[in-house]
Structures are given as C-alpha cells and as structure tokens.
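Notes to accompany the following structure.
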Amino acid sequence: MEPVLEIAEGATSSDPDVGLRAVAALRALSERLEVLQVQAARDLGWSWQDIAERLGVTKQTVHRKYGKSLGRR
Amino acid sequence: MFERFTEEARDVVRLAGEHARRLGHRYIGGEHILLAVTGAGQPASAVLSAHGVTPELVEEEIVRRVGLGAGAGLFAGLDRDALATIGIDLDAVRARIEASFGPQALTSAAQLAHQGRPGHPGPRPARFVRDWRHRRRARRAMDRSPVCRPPAAGRYRAPGPVPSGHIPFTPAAKKILELTLREAAALDDTHVGVEHIALTLTTVESGLVPPILAAAGTPAPALRTAILDRYRRAS
C-alpha cells in the first residue's frame, strides 16, 4: 500500500483543487466497484436485502438503483 | 450529422471504432478518435506527430491509463492522478479486480457503469421500423465503396474475442464530433475534415485526451496553432 504520507495529501490536502478532484475520483471509483460487486452478488443469488445490508443502505435504495438492470437473471 | 464530413473524416470516425474494438474496449471515446486522427496520414496527423503526438504514443498512453480488454471499460475515464494523491493505485485495484472476476462480469459491469442509469433497452420498435432499419443497413453496406481502406493498425490487441456488434460513442466523444461542426464554421469551411477533428481535440478539457496530449509534451494551444498554420499555408 502507499505510504501514509501520500494519503496525507489528496483528500486531506489543504489545496481545494487537489482535494476536491481526489474526492470526485474516489466517488467515481466506488460507484464502478459497487456496480461490479452488486452484479456479482446477484449472479450468486444474493437477495437485495443481503446486498443492502452489506452496503449499509436500505433494500429499496439498492433495488431502485439496480433492480431494472439486474433484476431478472 | 456526418453528412458534412469529408471522406477522410468519416474514415477517422470508422477507424476510431476499429481501434476501440482492437483494444477490447466496448465504447468509443475521445482517446480512440485521437488515435485515429494521428494515424490518418493527413496533414493534421503529420502536425500532431511532429509535436510528439504519434500513434504509438497515443496508443501506449491509452493502454497505460485504461488497459486492454473487458475490464478496461470499468476503469475508463477515472482520474488516476487524483486517486494517486490519496494513495490509491488504480493499476493495483484493476489487477486485483481482474484476478477475482471473469471477463464476462467485468464487461457487463462496465456497460452498466457507462449507461449512467442502469439500463432498460426500451420497447422493441414496430415491425415496419425494424424492416426499414434492416433495409437501410443492407443499402449502406452496398454503398460502401469497394476501395480497400487501411485497417486500424497498432501494437496492442486485446486477448480474447473482439467486441462485436454496435459499440457506442461515449457522451464526451459525441460532444467532440458535434464540436467539429463548430470548428469548421469558425473557419468558414463548408465541410468537416480531419483538421477540424484535430482542432476540436485540442480544446477538450476532460477525459483522457488532455492527459494524453500533455504526455506528448506540447501544450494543447500550441498544437492548435500549429494545425491552423499548416492549413492556412495550404489554402
């Protein structure tokens, strides 16, 4: 893993330009990974309830986001 | 919107798609258009190459930043430098993801991720619409001139089958193609040529095109001036 020093820059940087970009990139990355993981979980037969629990959101939220595309598989 | 594109400009658009397929990407981004322009053998391509923006460099940068094959789409367009500032190595993330998930999972997740809203294909078009589209496709295939066109060449080729069927332009790539019309209008040109595509690429502000141009070492405004000079001399 990257050294802690480097983590001290970026999202924690006092330069808003660097910090905000880092936060935006992190959000984009986490969204992509969420798609991948939710899809994989559905393929393994996980229920929306189980997925929602791990993501720390309500069942309705996950279903609203992915229900249409991943619903019937 | 391609009615006003010259034959060469249409070739660039076609080559962009072929490059995307060859690299195993399931979308056509600004970076693929840039790669096609550099390899088009046009004056604009020569200007770009003279300033370090060679097909080899562009391809190298695309592969370095997005990767090859199915998993590439999932990570496309992410700001790797910004992630690096918080200690996240995108290559390391990608390597782990690719090791845990098969290409199939990566491909479909990438498609979902790029639709913005997870997709619904929409209603099936009416019978006559489908027939008409079918005939249009056949007609276009016939119209295509029998001249042998250069294939999209390059060093890399994604392993596995080449993505088949229709691959879409990203919203950013569509925007680039639209803006070429404006570049042509600004120069009082009635047709959109490769030079207008190249000029548009120098004004792009997001996505992979700016960092790729930056990697070549010439600032985008300087590239723009050089392209304009080249065509002013020619006309």
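Identifiers in this document derive from the order of the structure tokens: chains are assigned A, B, ..., residues are numbered from 1 separately in each chain, and ligands are numbered from 1 in order of occurrence.
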
Proximity of chain B to chain A: per-residue shortest pair, 6 Å limit, only C-alpha atoms, as JSON lines:
{"residue": "B:Asp79", "atom": "CA", "partner": "A:Ala25", "partner_atom": "CA", "distance": 5.6}
{"residue": "B:Ala82", "atom": "CA", "partner": "A:Ala22", "partner_atom": "CA", "distance": 4.6}
{"residue": "B:Leu83", "atom": "CA", "partner": "A:Ala22", "partner_atom": "CA", "distance": 5.6}
{"residue": "B:Thr85", "atom": "CA", "partner": "A:Gly10", "partner_atom": "CA", "distance": 4.5}
{"residue": "B:Ile86", "atom": "CA", "partner": "A:Ile7", "partner_atom": "CA", "distance": 4.4}
{"residue": "B:Gly87", "atom": "CA", "partner": "A:Ile7", "partner_atom": "CA", "distance": 5.1}
{"residue": "B:Ala109", "atom": "CA", "partner": "A:Leu36", "partner_atom": "CA", "distance": 5.1}
{"residue": "B:Ala113", "atom": "CA", "partner": "A:Arg32", "partner_atom": "CA", "distance": 5.9}
{"residue": "B:Pro118", "atom": "CA", "partner": "A:Ser69", "partner_atom": "CA", "distance": 5.5}
{"residue": "B:Gly119", "atom": "CA", "partner": "A:Ser69", "partner_atom": "CA", "distance": 5.4}

Neighbouring residues of Leu177 (chain B) were defined as those with any atom within 12 Å, considering only C-alpha atoms; residues of the same chain fewer than 6 positions away were excluded. Please report them as a CSV table (one decimal) with N, CA and C atoms, in the first residue's frame.
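After the write, result25.csv holds the following:
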chain,number,residue,atom,x,y,z
B,1,MET,N,-25.5,13.6,-38.6
B,1,MET,CA,-24.6,14.7,-38.5
B,1,MET,C,-23.3,14.6,-39.3
B,2,PHE,N,-23.2,13.4,-39.9
B,2,PHE,CA,-21.9,13.1,-40.7
B,2,PHE,C,-22.0,13.5,-42.1
B,4,ARG,N,-21.8,16.3,-43.5
B,4,ARG,CA,-20.8,17.3,-44.0
B,4,ARG,C,-19.4,16.8,-43.7
B,5,PHE,N,-19.2,15.6,-43.2
B,5,PHE,CA,-17.9,15.1,-43.0
B,5,PHE,C,-17.3,14.7,-44.4
B,9,ALA,N,-12.6,12.3,-43.0
B,9,ALA,CA,-13.1,12.5,-41.7
B,9,ALA,C,-14.0,11.3,-41.3
B,10,ARG,N,-14.7,10.8,-42.2
B,10,ARG,CA,-15.6,9.6,-42.0
B,10,ARG,C,-14.7,8.4,-41.7
B,12,VAL,N,-11.8,8.5,-40.3
B,12,VAL,CA,-11.3,8.7,-38.9
B,12,VAL,C,-12.3,8.1,-37.9
B,13,VAL,N,-13.6,8.5,-38.1
B,13,VAL,CA,-14.6,8.0,-37.2
B,13,VAL,C,-14.7,6.5,-37.3
B,16,ALA,N,-11.7,5.0,-35.5
B,16,ALA,CA,-11.8,5.2,-34.0
B,16,ALA,C,-12.5,3.9,-33.5
B,28,ILE,N,-16.5,4.0,-27.7
B,28,ILE,CA,-15.6,4.8,-28.5
B,28,ILE,C,-15.4,6.1,-27.8
B,29,GLY,N,-14.2,6.4,-27.3
B,29,GLY,CA,-14.0,7.6,-26.5
B,29,GLY,C,-13.2,8.6,-27.3
B,30,GLY,N,-13.0,9.8,-26.8
B,30,GLY,CA,-12.2,10.8,-27.4
B,30,GLY,C,-10.8,10.3,-27.7
B,33,ILE,N,-10.7,8.5,-30.9
B,33,ILE,CA,-10.7,9.4,-32.1
B,33,ILE,C,-9.4,10.1,-32.3
B,34,LEU,N,-8.7,10.4,-31.2
B,34,LEU,CA,-7.4,11.0,-31.3
B,34,LEU,C,-6.4,10.0,-31.9
B,169,PHE,N,-20.5,5.5,-28.9
B,169,PHE,CA,-19.7,6.6,-28.6
B,169,PHE,C,-20.0,7.0,-27.1
B,170,THR,N,-18.9,7.4,-26.4
B,170,THR,CA,-19.2,8.0,-25.1
B,170,THR,C,-19.8,9.3,-25.3
B,171,PRO,N,-20.5,9.9,-24.3
B,171,PRO,CA,-21.1,11.2,-24.4
B,171,PRO,C,-20.0,12.2,-24.8
B,183,GLU,N,-16.0,24.0,-35.3
B,183,GLU,CA,-14.6,24.4,-35.7
B,183,GLU,C,-14.7,24.7,-37.2
B,184,ALA,N,-15.4,23.9,-38.0
B,184,ALA,CA,-15.5,24.2,-39.4
B,184,ALA,C,-16.2,25.5,-39.7
B,192,VAL,N,-16.5,19.2,-42.9
B,192,VAL,CA,-15.7,18.9,-41.8
B,192,VAL,C,-14.6,17.9,-42.2
B,193,GLY,N,-13.4,18.3,-42.0
B,193,GLY,CA,-12.3,17.5,-42.4
B,193,GLY,C,-11.5,17.0,-41.1
B,194,VAL,N,-10.5,16.2,-41.4
B,194,VAL,CA,-9.7,15.7,-40.3
B,194,VAL,C,-9.1,16.8,-39.4
B,196,HIS,N,-10.4,19.6,-38.7
B,196,HIS,CA,-11.4,20.1,-37.7
B,196,HIS,C,-11.6,19.2,-36.5
B,197,ILE,N,-11.4,17.9,-36.8
B,197,ILE,CA,-11.5,16.9,-35.7
B,197,ILE,C,-10.3,17.2,-34.8
B,198,ALA,N,-9.1,17.3,-35.4
B,198,ALA,CA,-7.9,17.6,-34.7
B,198,ALA,C,-8.0,18.8,-33.8
B,199,LEU,N,-8.5,19.9,-34.4
B,199,LEU,CA,-8.6,21.2,-33.7
B,199,LEU,C,-9.5,21.0,-32.5
B,200,THR,N,-10.7,20.3,-32.7
B,200,THR,CA,-11.6,20.1,-31.6
B,200,THR,C,-10.9,19.3,-30.5
B,201,LEU,N,-10.0,18.3,-30.8
B,201,LEU,CA,-9.4,17.5,-29.8
B,201,LEU,C,-8.4,18.4,-28.9
B,204,VAL,N,-10.5,19.9,-25.9
B,204,VAL,CA,-11.2,19.1,-25.0
B,204,VAL,C,-10.6,19.3,-23.6

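For region 1-232 of chain B, backbone-based DSSP labels the following residues as strand (DSSP E or B): Phe5, Ile28, Phe169 and Val192 of chain B.
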
Ala215 (chain B) surroundings by only C-alpha atoms, 12 Å radius, close-in-sequence under 2 positions cut, as a list of chain:residue names: B:His51, B:Gly52, B:Val53, B:Thr54, B:Leu57, B:Val58, B:Glu59, B:Glu60, B:Glu61, B:Ile62, B:Arg64, B:Arg65, B:Leu208, B:Val209, B:Pro210, B:Pro211, B:Ile212, B:Leu213, B:Gly217, B:Thr218, B:Pro219, B:Ala220

Please write the residues from the selection above to a file, keeping C-alpha atoms, as a PDB file, in the first residue's frame.
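Result file follows (again37.pdb):
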ATOM      1  CA  HIS B  51       4.802  17.637 -31.944  1.00  0.00           C
ATOM      2  CA  GLY B  52       5.179  14.251 -30.343  1.00  0.00           C
ATOM      3  CA  VAL B  53       1.568  13.114 -30.644  1.00  0.00           C
ATOM      4  CA  THR B  54       2.348   9.946 -32.592  1.00  0.00           C
ATOM      5  CA  LEU B  57       2.434   7.407 -28.012  1.00  0.00           C
ATOM      6  CA  VAL B  58      -1.335   7.756 -28.025  1.00  0.00           C
ATOM      7  CA  GLU B  59      -1.859   4.013 -28.052  1.00  0.00           C
ATOM      8  CA  GLU B  60       0.726   3.499 -25.337  1.00  0.00           C
ATOM      9  CA  GLU B  61      -0.980   6.116 -23.146  1.00  0.00           C
ATOM     10  CA  ILE B  62      -4.444   4.669 -23.713  1.00  0.00           C
ATOM     11  CA  ARG B  64      -1.362   2.508 -19.759  1.00  0.00           C
ATOM     12  CA  ARG B  65      -4.318   4.518 -18.487  1.00  0.00           C
ATOM     13  CA  LEU B 208      -8.302  11.050 -21.428  1.00  0.00           C
ATOM     14  CA  VAL B 209      -7.464  13.367 -24.326  1.00  0.00           C
ATOM     15  CA  PRO B 210      -5.897  16.210 -22.280  1.00  0.00           C
ATOM     16  CA  PRO B 211      -3.547  13.969 -20.261  1.00  0.00           C
ATOM     17  CA  ILE B 212      -2.514  12.092 -23.415  1.00  0.00           C
ATOM     18  CA  LEU B 213      -1.710  15.355 -25.210  1.00  0.00           C
ATOM     19  CA  GLY B 217       4.931  17.445 -24.121  1.00  0.00           C
ATOM     20  CA  THR B 218       3.402  20.129 -26.355  1.00  0.00           C
ATOM     21  CA  PRO B 219       0.718  22.340 -24.782  1.00  0.00           C
ATOM     22  CA  ALA B 220      -2.655  21.955 -26.483  1.00  0.00           C
TER      23      ALA B 220
END

With only C-alpha atoms as the basis for distance, which of B:Ala40, B:Leu223, B:Leu48, B:Leu74 is at the shortest distance from Val93 (chain B)? B:Leu74

Contacts of Ala52 (chain A) within 10 Å, only C-alpha atoms, excl. fewer than 4 positions in-chain, as number ranges by chain: A: 38, 47-48, 56-63

Take the residues that were just selected and, keeping N, CA and C atoms, output them as a tab-separated table (two decimals), in the first residue's frame.
chain	number	residue	atom	x	y	z
A	38	VAL	N	-22.32	-5.55	-6.85
A	38	VAL	CA	-23.76	-5.85	-6.76
A	38	VAL	C	-24.12	-6.88	-7.81
A	47	SER	N	-29.87	-11.99	-2.12
A	47	SER	CA	-31.09	-11.19	-2.13
A	47	SER	C	-30.73	-9.71	-2.04
A	48	TRP	N	-31.69	-8.87	-2.49
A	48	TRP	CA	-31.46	-7.43	-2.38
A	48	TRP	C	-31.22	-7.03	-0.92
A	56	GLY	N	-24.86	-1.01	3.63
A	56	GLY	CA	-25.29	-0.03	4.64
A	56	GLY	C	-26.38	0.89	4.14
A	57	VAL	N	-27.21	0.40	3.23
A	57	VAL	CA	-28.34	1.21	2.75
A	57	VAL	C	-29.61	0.36	2.83
A	58	THR	N	-30.75	0.95	2.51
A	58	THR	CA	-31.98	0.17	2.56
A	58	THR	C	-32.12	-0.69	1.31
A	59	LYS	N	-32.94	-1.72	1.47
A	59	LYS	CA	-33.20	-2.63	0.37
A	59	LYS	C	-33.77	-1.87	-0.83
A	60	GLN	N	-34.65	-0.90	-0.52
A	60	GLN	CA	-35.30	-0.13	-1.59
A	60	GLN	C	-34.27	0.66	-2.41
A	61	THR	N	-33.30	1.21	-1.71
A	61	THR	CA	-32.27	2.00	-2.41
A	61	THR	C	-31.53	1.15	-3.44
A	62	VAL	N	-31.07	-0.02	-3.02
A	62	VAL	CA	-30.33	-0.88	-3.95
A	62	VAL	C	-31.24	-1.30	-5.10
A	63	HIS	N	-32.47	-1.66	-4.74
A	63	HIS	CA	-33.37	-2.15	-5.77
A	63	HIS	C	-33.70	-1.07	-6.77
